[in-house]
file run_33.pdb (PDB, C-alpha atoms)
MODEL        1
ATOM      1  CA  MET A 119     -22.286 -32.160 -76.718
ATOM      2  CA  PRO A 120     -23.747 -31.361 -73.246
ATOM      3  CA  ALA A 121     -21.453 -28.327 -73.103
ATOM      4  CA  LYS A 122     -22.728 -27.211 -76.514
ATOM      5  CA  LEU A 123     -26.362 -27.582 -75.428
ATOM      6  CA  ILE A 124     -25.709 -25.608 -72.247
ATOM      7  CA  ALA A 125     -23.908 -22.948 -74.302
ATOM      8  CA  ASP A 126     -26.898 -22.672 -76.652
ATOM      9  CA  ALA A 127     -29.273 -22.268 -73.715
ATOM     10  CA  LEU A 128     -27.028 -19.664 -72.078
ATOM     11  CA  GLN A 129     -26.891 -17.739 -75.330
ATOM     12  CA  GLU A 130     -30.697 -17.801 -75.583
ATOM     13  CA  THR A 131     -30.803 -16.513 -71.999
ATOM     14  CA  GLY A 132     -28.760 -13.488 -73.081
ATOM     15  CA  PHE A 133     -25.177 -14.469 -72.356
ATOM     16  CA  SER A 134     -22.274 -14.364 -74.790
ATOM     17  CA  VAL A 135     -20.496 -17.722 -74.573
ATOM     18  CA  GLN A 136     -16.915 -18.808 -75.208
ATOM     19  CA  PHE A 137     -15.650 -22.380 -74.930
ATOM     20  CA  LEU A 138     -12.445 -23.579 -73.268
ATOM     21  CA  GLY A 139     -11.413 -27.151 -74.064
ATOM     22  CA  SER A 140      -8.485 -29.518 -74.296
ATOM     23  CA  GLY A 141      -8.029 -29.394 -78.063
ATOM     24  CA  ARG A 142      -9.839 -32.596 -79.034
ATOM     25  CA  ARG A 143     -10.944 -32.799 -82.650
ATOM     26  CA  LEU A 144     -14.536 -33.453 -81.583
ATOM     27  CA  GLU A 145     -14.648 -30.128 -79.716
ATOM     28  CA  GLU A 146     -13.918 -28.268 -82.928
ATOM     29  CA  GLU A 147     -16.486 -30.340 -84.847
ATOM     30  CA  ILE A 148     -19.221 -29.567 -82.315
ATOM     31  CA  PHE A 149     -18.472 -25.950 -81.386
ATOM     32  CA  GLY A 150     -16.860 -24.646 -84.569
ATOM     33  CA  PRO A 151     -19.910 -24.736 -86.880
ATOM     34  CA  ALA A 152     -21.999 -23.056 -84.163
ATOM     35  CA  GLY A 153     -19.765 -19.995 -84.263
ATOM     36  CA  TYR A 154     -18.506 -20.110 -80.680
ATOM     37  CA  GLU A 155     -15.033 -18.787 -79.957
ATOM     38  CA  ILE A 156     -12.866 -21.743 -78.887
ATOM     39  CA  HIS A 157      -9.861 -21.613 -76.559
ATOM     40  CA  THR A 158      -7.530 -24.535 -75.858
ATOM     41  CA  VAL A 159      -5.408 -25.401 -72.845
ATOM     42  CA  GLN A 160      -3.132 -28.422 -73.054
ATOM     43  CA  LEU A 161      -3.281 -30.277 -69.747
ATOM     44  CA  GLY A 162      -3.912 -33.985 -69.344
ATOM     45  CA  GLY A 163      -5.570 -35.795 -66.475
ATOM     46  CA  LEU A 164      -3.999 -37.860 -63.700
ATOM     47  CA  ASN A 165      -6.120 -41.009 -63.777
ATOM     48  CA  LYS A 166      -4.075 -44.165 -64.497
ATOM     49  CA  VAL A 167      -1.296 -42.280 -66.314
ATOM     50  CA  GLY A 168       1.679 -43.745 -64.461
ATOM     51  CA  ILE A 169       4.944 -42.006 -63.658
ATOM     52  CA  LEU A 170       5.547 -40.649 -67.168
ATOM     53  CA  GLY A 171       2.022 -39.290 -67.357
ATOM     54  CA  THR A 172       2.390 -37.618 -63.977
ATOM     55  CA  LEU A 173       5.682 -36.025 -65.046
ATOM     56  CA  LYS A 174       4.046 -34.781 -68.249
ATOM     57  CA  PHE A 175       1.213 -33.268 -66.207
ATOM     58  CA  LEU A 176       3.665 -31.475 -63.898
ATOM     59  CA  MET A 177       5.565 -30.088 -66.877
ATOM     60  CA  GLN A 178       2.369 -28.815 -68.540
ATOM     61  CA  PHE A 179       0.793 -27.400 -65.404
ATOM     62  CA  PRO A 180       2.620 -24.030 -65.095
ATOM     63  CA  SER A 181       1.921 -23.146 -68.728
ATOM     64  CA  ALA A 182      -1.720 -24.237 -68.446
ATOM     65  CA  LEU A 183      -2.195 -22.214 -65.268
ATOM     66  CA  TRP A 184      -0.728 -19.136 -66.934
ATOM     67  CA  GLN A 185      -2.930 -19.591 -70.023
ATOM     68  CA  VAL A 186      -6.112 -19.928 -67.949
ATOM     69  CA  SER A 187      -5.221 -16.956 -65.739
ATOM     70  CA  ARG A 188      -4.473 -14.775 -68.749
ATOM     71  CA  LEU A 189      -7.688 -15.852 -70.501
ATOM     72  CA  LEU A 190      -9.877 -15.068 -67.478
ATOM     73  CA  SER A 191      -8.191 -11.664 -67.104
ATOM     74  CA  LYS A 192      -8.981 -10.926 -70.742
ATOM     75  CA  ILE A 193     -12.582 -12.197 -70.768
ATOM     76  CA  ARG A 194     -13.669 -11.292 -67.205
ATOM     77  CA  PRO A 195     -16.564 -13.756 -67.413
ATOM     78  CA  ALA A 196     -19.917 -13.234 -65.733
ATOM     79  CA  ALA A 197     -19.756 -16.931 -64.773
ATOM     80  CA  ILE A 198     -17.754 -20.095 -65.397
ATOM     81  CA  VAL A 199     -19.558 -23.367 -66.150
ATOM     82  CA  GLY A 200     -17.625 -26.648 -65.965
ATOM     83  CA  VAL A 201     -18.998 -29.840 -67.461
ATOM     84  CA  GLY A 202     -16.611 -32.304 -65.825
ATOM     85  CA  GLY A 203     -13.256 -33.733 -66.788
ATOM     86  CA  TYR A 204      -9.762 -32.367 -66.366
ATOM     87  CA  ALA A 205     -10.332 -29.457 -68.774
ATOM     88  CA  SER A 206     -12.768 -27.949 -66.257
ATOM     89  CA  VAL A 207     -10.459 -28.019 -63.247
ATOM     90  CA  LEU A 208      -8.212 -24.996 -63.731
ATOM     91  CA  PRO A 209     -10.882 -22.612 -65.083
ATOM     92  CA  VAL A 210     -13.258 -23.374 -62.201
ATOM     93  CA  VAL A 211     -10.584 -23.258 -59.493
ATOM     94  CA  VAL A 212      -8.883 -20.101 -60.745
ATOM     95  CA  GLY A 213     -12.253 -18.469 -61.397
ATOM     96  CA  ALA A 214     -13.566 -19.315 -57.936
ATOM     97  CA  LEU A 215     -10.422 -17.961 -56.282
ATOM     98  CA  ARG A 216     -10.893 -14.726 -58.215
ATOM     99  CA  GLY A 217     -14.488 -14.437 -57.085
ATOM    100  CA  TYR A 218     -16.303 -15.379 -60.308
ATOM    101  CA  PRO A 219     -19.583 -17.324 -59.960
ATOM    102  CA  THR A 220     -18.865 -20.978 -60.740
ATOM    103  CA  TRP A 221     -21.232 -23.795 -61.704
ATOM    104  CA  ILE A 222     -20.359 -27.393 -62.500
ATOM    105  CA  HIS A 223     -22.490 -30.122 -64.060
ATOM    106  CA  GLU A 224     -22.129 -33.796 -63.134
ATOM    107  CA  ALA A 225     -23.297 -36.171 -65.852
ATOM    108  CA  GLU A 226     -22.597 -39.469 -64.115
ATOM    109  CA  LEU A 227     -24.562 -41.114 -61.342
ATOM    110  CA  SER A 228     -21.333 -41.377 -59.359
ATOM    111  CA  PRO A 229     -19.146 -38.239 -59.695
ATOM    112  CA  GLY A 230     -15.680 -38.411 -61.194
ATOM    113  CA  ASN A 231     -12.536 -37.230 -59.455
ATOM    114  CA  ALA A 232     -12.531 -33.856 -61.209
ATOM    115  CA  ASN A 233     -16.004 -32.864 -60.041
ATOM    116  CA  ARG A 234     -15.478 -34.299 -56.571
ATOM    117  CA  PHE A 235     -12.540 -31.901 -56.276
ATOM    118  CA  LEU A 236     -14.360 -28.998 -57.931
ATOM    119  CA  ALA A 237     -17.325 -29.378 -55.572
ATOM    120  CA  HIS A 238     -15.226 -27.510 -52.990
ATOM    121  CA  PHE A 239     -14.995 -24.489 -55.323
ATOM    122  CA  ALA A 240     -18.300 -24.415 -57.219
ATOM    123  CA  LYS A 241     -21.193 -22.300 -55.996
ATOM    124  CA  LYS A 242     -23.753 -24.684 -57.511
ATOM    125  CA  ILE A 243     -23.652 -28.232 -58.867
ATOM    126  CA  SER A 244     -26.266 -29.541 -61.289
ATOM    127  CA  VAL A 245     -26.710 -33.316 -61.428
ATOM    128  CA  ALA A 246     -28.065 -35.532 -64.182
ATOM    129  CA  PHE A 247     -29.340 -38.253 -61.852
ATOM    130  CA  GLU A 248     -31.650 -37.507 -58.958
ATOM    131  CA  GLU A 249     -30.033 -40.442 -57.139
ATOM    132  CA  THR A 250     -26.622 -38.715 -56.965
ATOM    133  CA  THR A 251     -25.887 -38.104 -53.273
ATOM    134  CA  GLU A 252     -22.180 -37.286 -53.083
ATOM    135  CA  PHE A 253     -22.506 -33.479 -53.222
ATOM    136  CA  PRO A 254     -23.610 -31.077 -50.443
ATOM    137  CA  SER A 255     -27.388 -30.620 -50.571
ATOM    138  CA  ALA A 256     -27.023 -26.838 -50.293
ATOM    139  CA  LYS A 257     -25.097 -26.784 -53.576
ATOM    140  CA  LYS A 258     -26.810 -29.589 -55.492
ATOM    141  CA  VAL A 259     -29.511 -28.864 -58.073
ATOM    142  CA  TYR A 260     -31.277 -31.700 -59.893
ATOM    143  CA  THR A 261     -31.680 -30.669 -63.524
ATOM    144  CA  GLY A 262     -31.285 -33.865 -65.510
ATOM    145  CA  HIS A 263     -28.783 -34.038 -68.352
ATOM    146  CA  PRO A 264     -28.834 -31.798 -71.451
ATOM    147  CA  ILE A 265     -30.522 -33.605 -74.333
ATOM    148  CA  ARG A 266     -30.576 -32.604 -77.987
ATOM    149  CA  PRO A 267     -33.900 -31.053 -79.079
ATOM    150  CA  ASP A 268     -34.432 -33.648 -81.817
ATOM    151  CA  VAL A 269     -34.086 -36.395 -79.208
ATOM    152  CA  ALA A 270     -36.282 -34.605 -76.655
ATOM    153  CA  ALA A 271     -39.024 -34.417 -79.302
ATOM    154  CA  LEU A 272     -39.259 -38.231 -79.198
ATOM    155  CA  ALA A 273     -40.045 -38.361 -75.475
ATOM    156  CA  GLY A 274     -41.958 -41.542 -74.669
ATOM    157  CA  SER A 275     -42.474 -42.436 -78.326
ATOM    158  CA  GLY A 276     -41.275 -46.030 -78.260
ATOM    159  CA  PRO A 277     -40.320 -48.334 -81.185
ATOM    160  CA  GLN A 278     -42.388 -48.794 -84.328
ATOM    161  CA  HIS A 279     -41.956 -52.529 -84.950
ATOM    162  CA  CYS A 280     -42.692 -55.498 -82.725
ATOM    163  CA  PRO A 281     -40.792 -57.778 -82.818
ATOM    164  CA  PRO A 282     -37.828 -55.479 -83.497
ATOM    165  CA  ARG A 283     -36.426 -55.051 -86.977
ATOM    166  CA  ASN A 284     -34.114 -52.003 -86.801
ATOM    167  CA  ILE A 285     -31.071 -52.126 -84.509
ATOM    168  CA  LEU A 286     -29.226 -48.904 -83.655
ATOM    169  CA  VAL A 287     -25.631 -49.504 -82.505
ATOM    170  CA  LEU A 288     -23.947 -46.647 -80.635
ATOM    171  CA  GLY A 289     -20.341 -46.886 -79.495
ATOM    172  CA  GLY A 290     -20.149 -43.431 -77.937
ATOM    173  CA  SER A 291     -18.383 -40.339 -79.262
ATOM    174  CA  GLN A 292     -15.264 -42.321 -80.232
ATOM    175  CA  GLY A 293     -16.911 -45.635 -81.020
ATOM    176  CA  ALA A 294     -16.322 -48.955 -79.247
ATOM    177  CA  LYS A 295     -13.933 -51.542 -80.675
ATOM    178  CA  ALA A 296     -15.435 -54.471 -78.766
ATOM    179  CA  ILE A 297     -18.917 -53.691 -80.074
ATOM    180  CA  ASP A 298     -17.585 -53.199 -83.619
ATOM    181  CA  ASP A 299     -15.786 -56.562 -83.491
ATOM    182  CA  ALA A 300     -18.850 -58.320 -82.108
ATOM    183  CA  PHE A 301     -21.147 -57.047 -84.862
ATOM    184  CA  PHE A 302     -18.531 -57.940 -87.480
ATOM    185  CA  GLU A 303     -18.697 -61.509 -86.180
ATOM    186  CA  LEU A 304     -22.491 -61.575 -85.806
ATOM    187  CA  ALA A 305     -23.270 -60.075 -89.218
ATOM    188  CA  PRO A 306     -24.378 -63.355 -90.908
ATOM    189  CA  ARG A 307     -26.782 -64.186 -88.075
ATOM    190  CA  LEU A 308     -28.220 -60.672 -88.082
ATOM    191  CA  GLN A 309     -28.830 -60.963 -91.827
ATOM    192  CA  GLU A 310     -30.512 -64.356 -91.429
ATOM    193  CA  ARG A 311     -32.900 -62.878 -88.846
ATOM    194  CA  GLY A 312     -33.778 -60.007 -91.177
ATOM    195  CA  PHE A 313     -32.392 -57.217 -89.038
ATOM    196  CA  HIS A 314     -31.397 -53.800 -90.403
ATOM    197  CA  LEU A 315     -28.527 -51.883 -88.779
ATOM    198  CA  PHE A 316     -27.524 -48.295 -88.174
ATOM    199  CA  HIS A 317     -24.032 -48.714 -86.749
ATOM    200  CA  GLN A 318     -21.992 -45.848 -85.277
ATOM    201  CA  CYS A 319     -18.470 -47.211 -85.050
ATOM    202  CA  ARG A 320     -14.856 -46.232 -84.507
ATOM    203  CA  PRO A 321     -13.487 -44.333 -87.550
ATOM    204  CA  GLU A 322     -10.863 -46.995 -88.225
ATOM    205  CA  SER A 323     -13.536 -49.739 -88.199
ATOM    206  CA  ARG A 324     -15.829 -48.206 -90.784
ATOM    207  CA  GLU A 325     -14.378 -49.596 -94.026
ATOM    208  CA  LYS A 326     -14.063 -53.086 -92.571
ATOM    209  CA  LEU A 327     -17.648 -53.079 -91.310
ATOM    210  CA  VAL A 328     -19.064 -51.703 -94.564
ATOM    211  CA  ALA A 329     -17.296 -54.456 -96.508
ATOM    212  CA  ARG A 330     -18.457 -57.130 -94.067
ATOM    213  CA  TYR A 331     -22.113 -56.074 -94.160
ATOM    214  CA  GLN A 332     -22.036 -55.920 -97.956
ATOM    215  CA  GLU A 333     -20.423 -59.364 -98.076
ATOM    216  CA  VAL A 334     -23.260 -60.981 -96.095
ATOM    217  CA  GLU A 335     -25.936 -58.765 -97.720
ATOM    218  CA  LEU A 336     -26.956 -57.200 -94.407
ATOM    219  CA  GLU A 337     -28.801 -53.904 -94.886
ATOM    220  CA  ALA A 338     -26.767 -51.408 -92.868
ATOM    221  CA  ILE A 339     -25.788 -47.760 -92.527
ATOM    222  CA  VAL A 340     -22.311 -47.347 -91.011
ATOM    223  CA  GLU A 341     -21.054 -43.980 -89.718
ATOM    224  CA  SER A 342     -18.336 -42.877 -87.315
ATOM    225  CA  PHE A 343     -20.466 -39.969 -86.018
ATOM    226  CA  VAL A 344     -24.244 -39.550 -86.010
ATOM    227  CA  HIS A 345     -25.212 -35.962 -86.801
ATOM    228  CA  GLU A 346     -28.986 -36.546 -86.872
ATOM    229  CA  LEU A 347     -29.295 -38.579 -83.700
ATOM    230  CA  GLY A 348     -33.005 -37.881 -83.304
ATOM    231  CA  GLU A 349     -33.686 -39.466 -86.688
ATOM    232  CA  ALA A 350     -31.544 -42.477 -85.762
ATOM    233  CA  TYR A 351     -33.449 -43.007 -82.518
ATOM    234  CA  LYS A 352     -36.781 -42.556 -84.312
ATOM    235  CA  TRP A 353     -35.800 -45.238 -86.854
ATOM    236  CA  SER A 354     -34.677 -47.710 -84.186
ATOM    237  CA  ASP A 355     -36.603 -50.496 -82.487
ATOM    238  CA  LEU A 356     -33.751 -51.922 -80.427
ATOM    239  CA  ILE A 357     -30.546 -50.194 -79.270
ATOM    240  CA  VAL A 358     -27.141 -51.692 -78.462
ATOM    241  CA  CYS A 359     -24.799 -49.151 -76.896
ATOM    242  CA  ARG A 360     -22.347 -48.037 -74.263
ATOM    243  CA  ALA A 361     -23.736 -46.771 -70.957
ATOM    244  CA  GLY A 362     -22.383 -43.228 -70.887
ATOM    245  CA  ALA A 363     -24.542 -40.786 -68.948
ATOM    246  CA  GLY A 364     -25.779 -38.935 -72.014
ATOM    247  CA  THR A 365     -26.764 -42.119 -73.834
ATOM    248  CA  VAL A 366     -28.557 -43.544 -70.786
ATOM    249  CA  MET A 367     -30.487 -40.284 -70.423
ATOM    250  CA  GLU A 368     -31.466 -40.293 -74.094
ATOM    251  CA  ILE A 369     -32.626 -43.905 -73.957
ATOM    252  CA  GLY A 370     -34.828 -43.038 -70.998
ATOM    253  CA  VAL A 371     -36.404 -40.304 -73.109
ATOM    254  CA  VAL A 372     -36.917 -42.225 -76.369
ATOM    255  CA  ASN A 373     -38.111 -45.355 -74.534
ATOM    256  CA  ARG A 374     -36.490 -48.079 -76.679
ATOM    257  CA  PRO A 375     -35.616 -51.558 -75.385
ATOM    258  CA  THR A 376     -31.852 -51.541 -75.027
ATOM    259  CA  ILE A 377     -28.809 -53.740 -74.507
ATOM    260  CA  LEU A 378     -26.135 -51.804 -72.597
ATOM    261  CA  VAL A 379     -22.427 -52.644 -72.852
ATOM    262  CA  PRO A 380     -20.631 -50.623 -70.150
ATOM    263  CA  PHE A 381     -17.107 -49.431 -70.879
ATOM    264  CA  PRO A 382     -15.118 -51.778 -68.586
ATOM    265  CA  HIS A 383     -12.375 -49.265 -67.757
ATOM    266  CA  ALA A 384     -14.591 -46.299 -66.803
ATOM    267  CA  GLN A 385     -13.473 -44.633 -63.600
ATOM    268  CA  GLY A 386     -15.296 -46.070 -60.592
ATOM    269  CA  LYS A 387     -17.396 -48.319 -62.885
ATOM    270  CA  HIS A 388     -19.469 -45.248 -63.745
ATOM    271  CA  GLN A 389     -21.066 -46.838 -66.768
ATOM    272  CA  HIS A 390     -22.156 -49.902 -64.814
ATOM    273  CA  ARG A 391     -23.955 -47.683 -62.305
ATOM    274  CA  ASN A 392     -25.503 -45.636 -65.100
ATOM    275  CA  ALA A 393     -26.745 -48.832 -66.742
ATOM    276  CA  GLU A 394     -28.364 -50.008 -63.530
ATOM    277  CA  THR A 395     -30.733 -47.023 -63.562
ATOM    278  CA  LEU A 396     -32.402 -48.718 -66.564
ATOM    279  CA  THR A 397     -31.757 -52.412 -65.898
ATOM    280  CA  ASN A 398     -33.167 -52.178 -62.365
ATOM    281  CA  LYS A 399     -36.447 -50.946 -63.866
ATOM    282  CA  GLY A 400     -36.543 -53.644 -66.537
ATOM    283  CA  LYS A 401     -35.971 -51.167 -69.392
ATOM    284  CA  ALA A 402     -32.611 -52.594 -70.516
ATOM    285  CA  LEU A 403     -30.341 -55.623 -70.381
ATOM    286  CA  MET A 404     -26.636 -55.433 -69.590
ATOM    287  CA  VAL A 405     -23.887 -57.409 -71.324
ATOM    288  CA  GLU A 406     -20.344 -56.953 -70.084
ATOM    289  CA  GLU A 407     -17.283 -57.308 -72.275
ATOM    290  CA  GLY A 408     -14.953 -60.242 -71.764
ATOM    291  CA  GLU A 409     -14.859 -63.918 -72.671
ATOM    292  CA  ASN A 410     -17.425 -64.969 -75.287
ATOM    293  CA  PHE A 411     -18.731 -61.414 -75.494
ATOM    294  CA  SER A 412     -20.104 -61.850 -79.022
ATOM    295  CA  GLU A 413     -22.038 -64.993 -78.072
ATOM    296  CA  ARG A 414     -23.459 -63.440 -74.915
ATOM    297  CA  LEU A 415     -24.454 -60.328 -76.853
ATOM    298  CA  TRP A 416     -26.167 -62.491 -79.480
ATOM    299  CA  ASP A 417     -28.045 -64.351 -76.727
ATOM    300  CA  GLN A 418     -29.547 -61.071 -75.523
ATOM    301  CA  ILE A 419     -30.340 -59.842 -79.046
ATOM    302  CA  SER A 420     -32.062 -63.167 -79.685
ATOM    303  CA  LYS A 421     -33.967 -62.864 -76.408
ATOM    304  CA  LEU A 422     -35.274 -59.404 -77.297
ATOM    305  CA  SER A 423     -36.113 -60.469 -80.847
ATOM    306  CA  SER A 424     -38.887 -62.540 -79.298
ATOM    307  CA  GLU A 425     -42.187 -60.691 -79.583
ATOM    308  CA  VAL A 426     -43.084 -61.674 -76.014
ATOM    309  CA  GLU A 427     -39.832 -60.447 -74.415
ATOM    310  CA  PHE A 428     -39.668 -57.329 -76.570
ATOM    311  CA  SER A 429     -43.290 -56.408 -75.802
ATOM    312  CA  LYS A 430     -42.692 -56.975 -72.090
ATOM    313  CA  MET A 431     -39.770 -54.511 -71.978
ATOM    314  CA  ARG A 432     -41.459 -52.047 -74.299
ATOM    315  CA  SER A 433     -44.658 -51.941 -72.231
ATOM    316  CA  LEU A 434     -42.984 -51.126 -68.907
ATOM    317  CA  PRO A 435     -43.374 -47.464 -67.800
ATOM    318  CA  PRO A 436     -40.743 -45.118 -69.301
ATOM    319  CA  VAL A 437     -37.972 -43.894 -67.001
ATOM    320  CA  PHE A 438     -38.672 -40.193 -66.498
ATOM    321  CA  ARG A 439     -35.916 -37.856 -67.683
ATOM    322  CA  PRO A 440     -36.178 -34.037 -67.796
ATOM    323  CA  THR A 441     -35.899 -32.836 -71.389
ATOM    324  CA  ASP A 442     -35.128 -29.185 -70.524
ATOM    325  CA  ALA A 443     -31.956 -29.652 -68.469
ATOM    326  CA  ALA A 444     -29.859 -27.211 -70.516
ATOM    327  CA  PHE A 445     -32.367 -24.415 -69.894
ATOM    328  CA  ARG A 446     -32.653 -25.304 -66.210
ATOM    329  CA  ILE A 447     -28.875 -24.944 -65.954
ATOM    330  CA  ALA A 448     -28.867 -21.687 -67.930
ATOM    331  CA  GLU A 449     -31.560 -20.217 -65.670
ATOM    332  CA  GLY A 450     -29.608 -21.333 -62.622
ATOM    333  CA  VAL A 451     -26.449 -19.665 -63.911
ATOM    334  CA  ARG A 452     -28.397 -16.473 -64.628
ATOM    335  CA  ALA A 453     -29.771 -16.473 -61.078
ATOM    336  CA  LEU A 454     -26.283 -17.109 -59.734
ATOM    337  CA  THR A 455     -24.838 -14.109 -61.542
ATOM    338  CA  ALA A 456     -27.735 -11.920 -60.389
ATOM    339  CA  ASN A 457     -26.906 -12.728 -56.779
ATOM    340  CA  CYS A 458     -23.216 -11.894 -57.093
TER     341      CYS A 458
ENDMDL
END

call {"tool": "encode", "arguments": {"input": "run_33.pdb", "output": "C-alpha cells"}}
result
Amino acid sequence: MPAKLIADALQETGFSVQFLGSGRRLEEEIFGPAGYEIHTVQLGGLNKVGILGTLKFLMQFPSALWQVSRLLSKIRPAAIVGVGGYASVLPVVVGALRGYPTWIHEAELSPGNANRFLAHFAKKISVAFEETTEFPSAKKVYTGHPIRPDVAALAGSGPQHCPPRNILVLGGSQGAKAIDDAFFELAPRLQERGFHLFHQCRPESREKLVARYQEVELEAIVESFVHELGEAYKWSDLIVCRAGAGTVMEIGVVNRPTILVPFPHAQGKHQHRNAETLTNKGKALMVEEGENFSERLWDQISKLSSEVEFSKMRSLPPVFRPTDAAFRIAEGVRALTANC
C-alpha cells in the first residue's frame, strides 16, 4: 500500500509509473485496479531460510538478475524507488550501477537488512520515523510514512464513545492467527460487555470467526481485507492490532487508544520498537504473544473499557505524524531527477 500511495503521488507529479514486485496476490489486488503496469521477478529473501532456502535463492538469482536488467533496458526509468524488502534489492542495485537516480523508503524505526544494504546505493533515503538514525545524514530525508487519504482526513479526530464501545481488530495485510484465536476465545466476554467488533482476520479464519460471533450473539463485521480503512478507523473507539510501521503511523494520525500486539518473529524486533513510539507516550498499551495471551489481552481490554483509563489515554496529546509523506517523497524524487 505505501508503494501504491507513492506511485499515485508520482503520477500526480507528472511521472508515468510501473510497478515491479515479487508476485504476491496482494500486489495485484492493490495495483491492478489502479491501472499500473505490473512486472514480477521471482526472488526470495535470505532471512531465516536455512540451507534449502539459500540454495533456492542462488538458483533463482541469475534469472532474476537477467529479468531486472532486461526490464531496466526496456523502460529506461527516470528514477527507481524502492520501498524495502527483497523485491527492491536488485532493481535499486542494478539501477544505481547503471547511473539511474535511486530513492529508497524505510518504513520501520529500525531499518531491515535490505535497506541497510541498499543505503550504499541509494541517492536519497526517506524515513517514516524521525528517530531513525542508522542512515547517513546527507542521504536521509524525514518524510513520515505514506498514509491513505481517507485515513489522513481523520487526523486528530479521536474516538466517538467513552467508555469505548466499538473495537477495531487489525491483523495486518495477511491477518494474525494469534489475534484471531484470542478473539475467538474472548467472544462471550466481549458480548457480555456490549462491545461491537470490526475484525480483519486471516482468510482461513473468517468462517470460523463469523460462526463463533453469531453463536454468542456478538455484533461483528469480519473481513480478511479492509478496503475502506478510513471508515473503519472513524467507526472505532479502541483498536487492537499488530505494530507494523504503517499501522503505527495511522494510529498516530487517527488518535485512538490502542492495544498493540507486535509480531514476535519480526526481524530485529521491528514491531516492538515501532510500538514503543506510542507506548512511551502513553498512547497505547503493548501485549506480547505467548503464554496466557488471551487472558493478558483481555486484562488490557478490560482496563481500557474503564471510563477513567480510556479518558486518560484519549486526552493525552496526539503523536504527530505527517499526512503528506507520499507527496514529500514524490517531490524529492522529482528534484532528484532534475539534478541528474

call {"tool": "resolve_selection", "arguments": {"input": "run_33.pdb", "expression": "the PyMOL selection byres ((chain A and resi 316-319) around 8)", "output": "PDB file with C-alpha atoms, in the frame of the given file"}}
result
ATOM      1  CA  ASN A 284     -34.114 -52.003 -86.801  1.00  0.00           C
ATOM      2  CA  ILE A 285     -31.071 -52.126 -84.509  1.00  0.00           C
ATOM      3  CA  LEU A 286     -29.226 -48.904 -83.655  1.00  0.00           C
ATOM      4  CA  VAL A 287     -25.631 -49.504 -82.505  1.00  0.00           C
ATOM      5  CA  LEU A 288     -23.947 -46.647 -80.635  1.00  0.00           C
ATOM      6  CA  GLY A 289     -20.341 -46.886 -79.495  1.00  0.00           C
ATOM      7  CA  GLY A 290     -20.149 -43.431 -77.937  1.00  0.00           C
ATOM      8  CA  GLN A 292     -15.264 -42.321 -80.232  1.00  0.00           C
ATOM      9  CA  GLY A 293     -16.911 -45.635 -81.020  1.00  0.00           C
ATOM     10  CA  ALA A 294     -16.322 -48.955 -79.247  1.00  0.00           C
ATOM     11  CA  LYS A 295     -13.933 -51.542 -80.675  1.00  0.00           C
ATOM     12  CA  ASP A 298     -17.585 -53.199 -83.619  1.00  0.00           C
ATOM     13  CA  HIS A 314     -31.397 -53.800 -90.403  1.00  0.00           C
ATOM     14  CA  LEU A 315     -28.527 -51.883 -88.779  1.00  0.00           C
ATOM     15  CA  ARG A 320     -14.856 -46.232 -84.507  1.00  0.00           C
ATOM     16  CA  PRO A 321     -13.487 -44.333 -87.550  1.00  0.00           C
ATOM     17  CA  SER A 323     -13.536 -49.739 -88.199  1.00  0.00           C
ATOM     18  CA  ARG A 324     -15.829 -48.206 -90.784  1.00  0.00           C
ATOM     19  CA  ALA A 338     -26.767 -51.408 -92.868  1.00  0.00           C
ATOM     20  CA  ILE A 339     -25.788 -47.760 -92.527  1.00  0.00           C
ATOM     21  CA  VAL A 340     -22.311 -47.347 -91.011  1.00  0.00           C
ATOM     22  CA  GLU A 341     -21.054 -43.980 -89.718  1.00  0.00           C
ATOM     23  CA  SER A 342     -18.336 -42.877 -87.315  1.00  0.00           C
ATOM     24  CA  PHE A 343     -20.466 -39.969 -86.018  1.00  0.00           C
ATOM     25  CA  VAL A 344     -24.244 -39.550 -86.010  1.00  0.00           C
ATOM     26  CA  ALA A 350     -31.544 -42.477 -85.762  1.00  0.00           C
TER      27      ALA A 350
END

call {"tool": "closest_residue", "arguments": {"input": "run_33.pdb", "among": "A:Leu347, A:Leu378, A:Ile369, A:Ala237", "to": "A:Pro254", "atoms": "only C-alpha atoms"}}
result
A:Ala237

call {"tool": "closest_residue", "arguments": {"input": "run_33.pdb", "among": "A:Thr397, A:Ser291, A:Ser255, A:Ser191", "to": "A:Thr365", "atoms": "all atoms listed in the file"}}
result
A:Ser291

call {"tool": "resolve_selection", "arguments": {"input": "run_33.pdb", "expression": "the PyMOL selection byres ((chain A and resi 409-417) around 8)", "output": "list in words"}}
result
Ala300, Phe301, Glu303, Leu304, Val405, Glu406, Glu407, Gly408, Gln418, Ile419, Ser420 and Lys421 of chain A

call {"tool": "resolve_selection", "arguments": {"input": "run_33.pdb", "expression": "the PyMOL selection byres ((chain A and resi 135) around 10)", "output": "list in words"}}
result
Lys122, Ile124, Ala125, Asp126, Ala127, Leu128, Gln129, Gly132, Phe133, Ser134, Gln136, Phe137, Gly153, Tyr154, Glu155, Ile156, Pro195, Ala196, Ala197 and Ile198 of chain A

call {"tool": "atom_distance", "arguments": {"input": "run_33.pdb", "atom1": "atom CA of A:Lys352", "atom2": "atom CA of A:Gly202"}}
result
29.2 Å

call {"tool": "closest_residue", "arguments": {"input": "run_33.pdb", "among": "A:Thr395, A:Thr441, A:Gln389, A:Asn457", "to": "A:Val269", "atoms": "all atoms listed in the file"}}
result
A:Thr441

call {"tool": "residues_around", "arguments": {"input": "run_33.pdb", "residues": "A:Pro435", "least_positions_apart": "6", "cutoff": "10 Å", "atoms": "only C-alpha atoms", "output": "PyMOL selection string"}}
result
chain A and resi 274+373+399-401

call {"tool": "closest_residue", "arguments": {"input": "run_33.pdb", "among": "A:Lys257, A:Arg391, A:Arg142, A:Arg432", "to": "A:Pro375", "atoms": "all atoms listed in the file"}}
result
A:Arg432
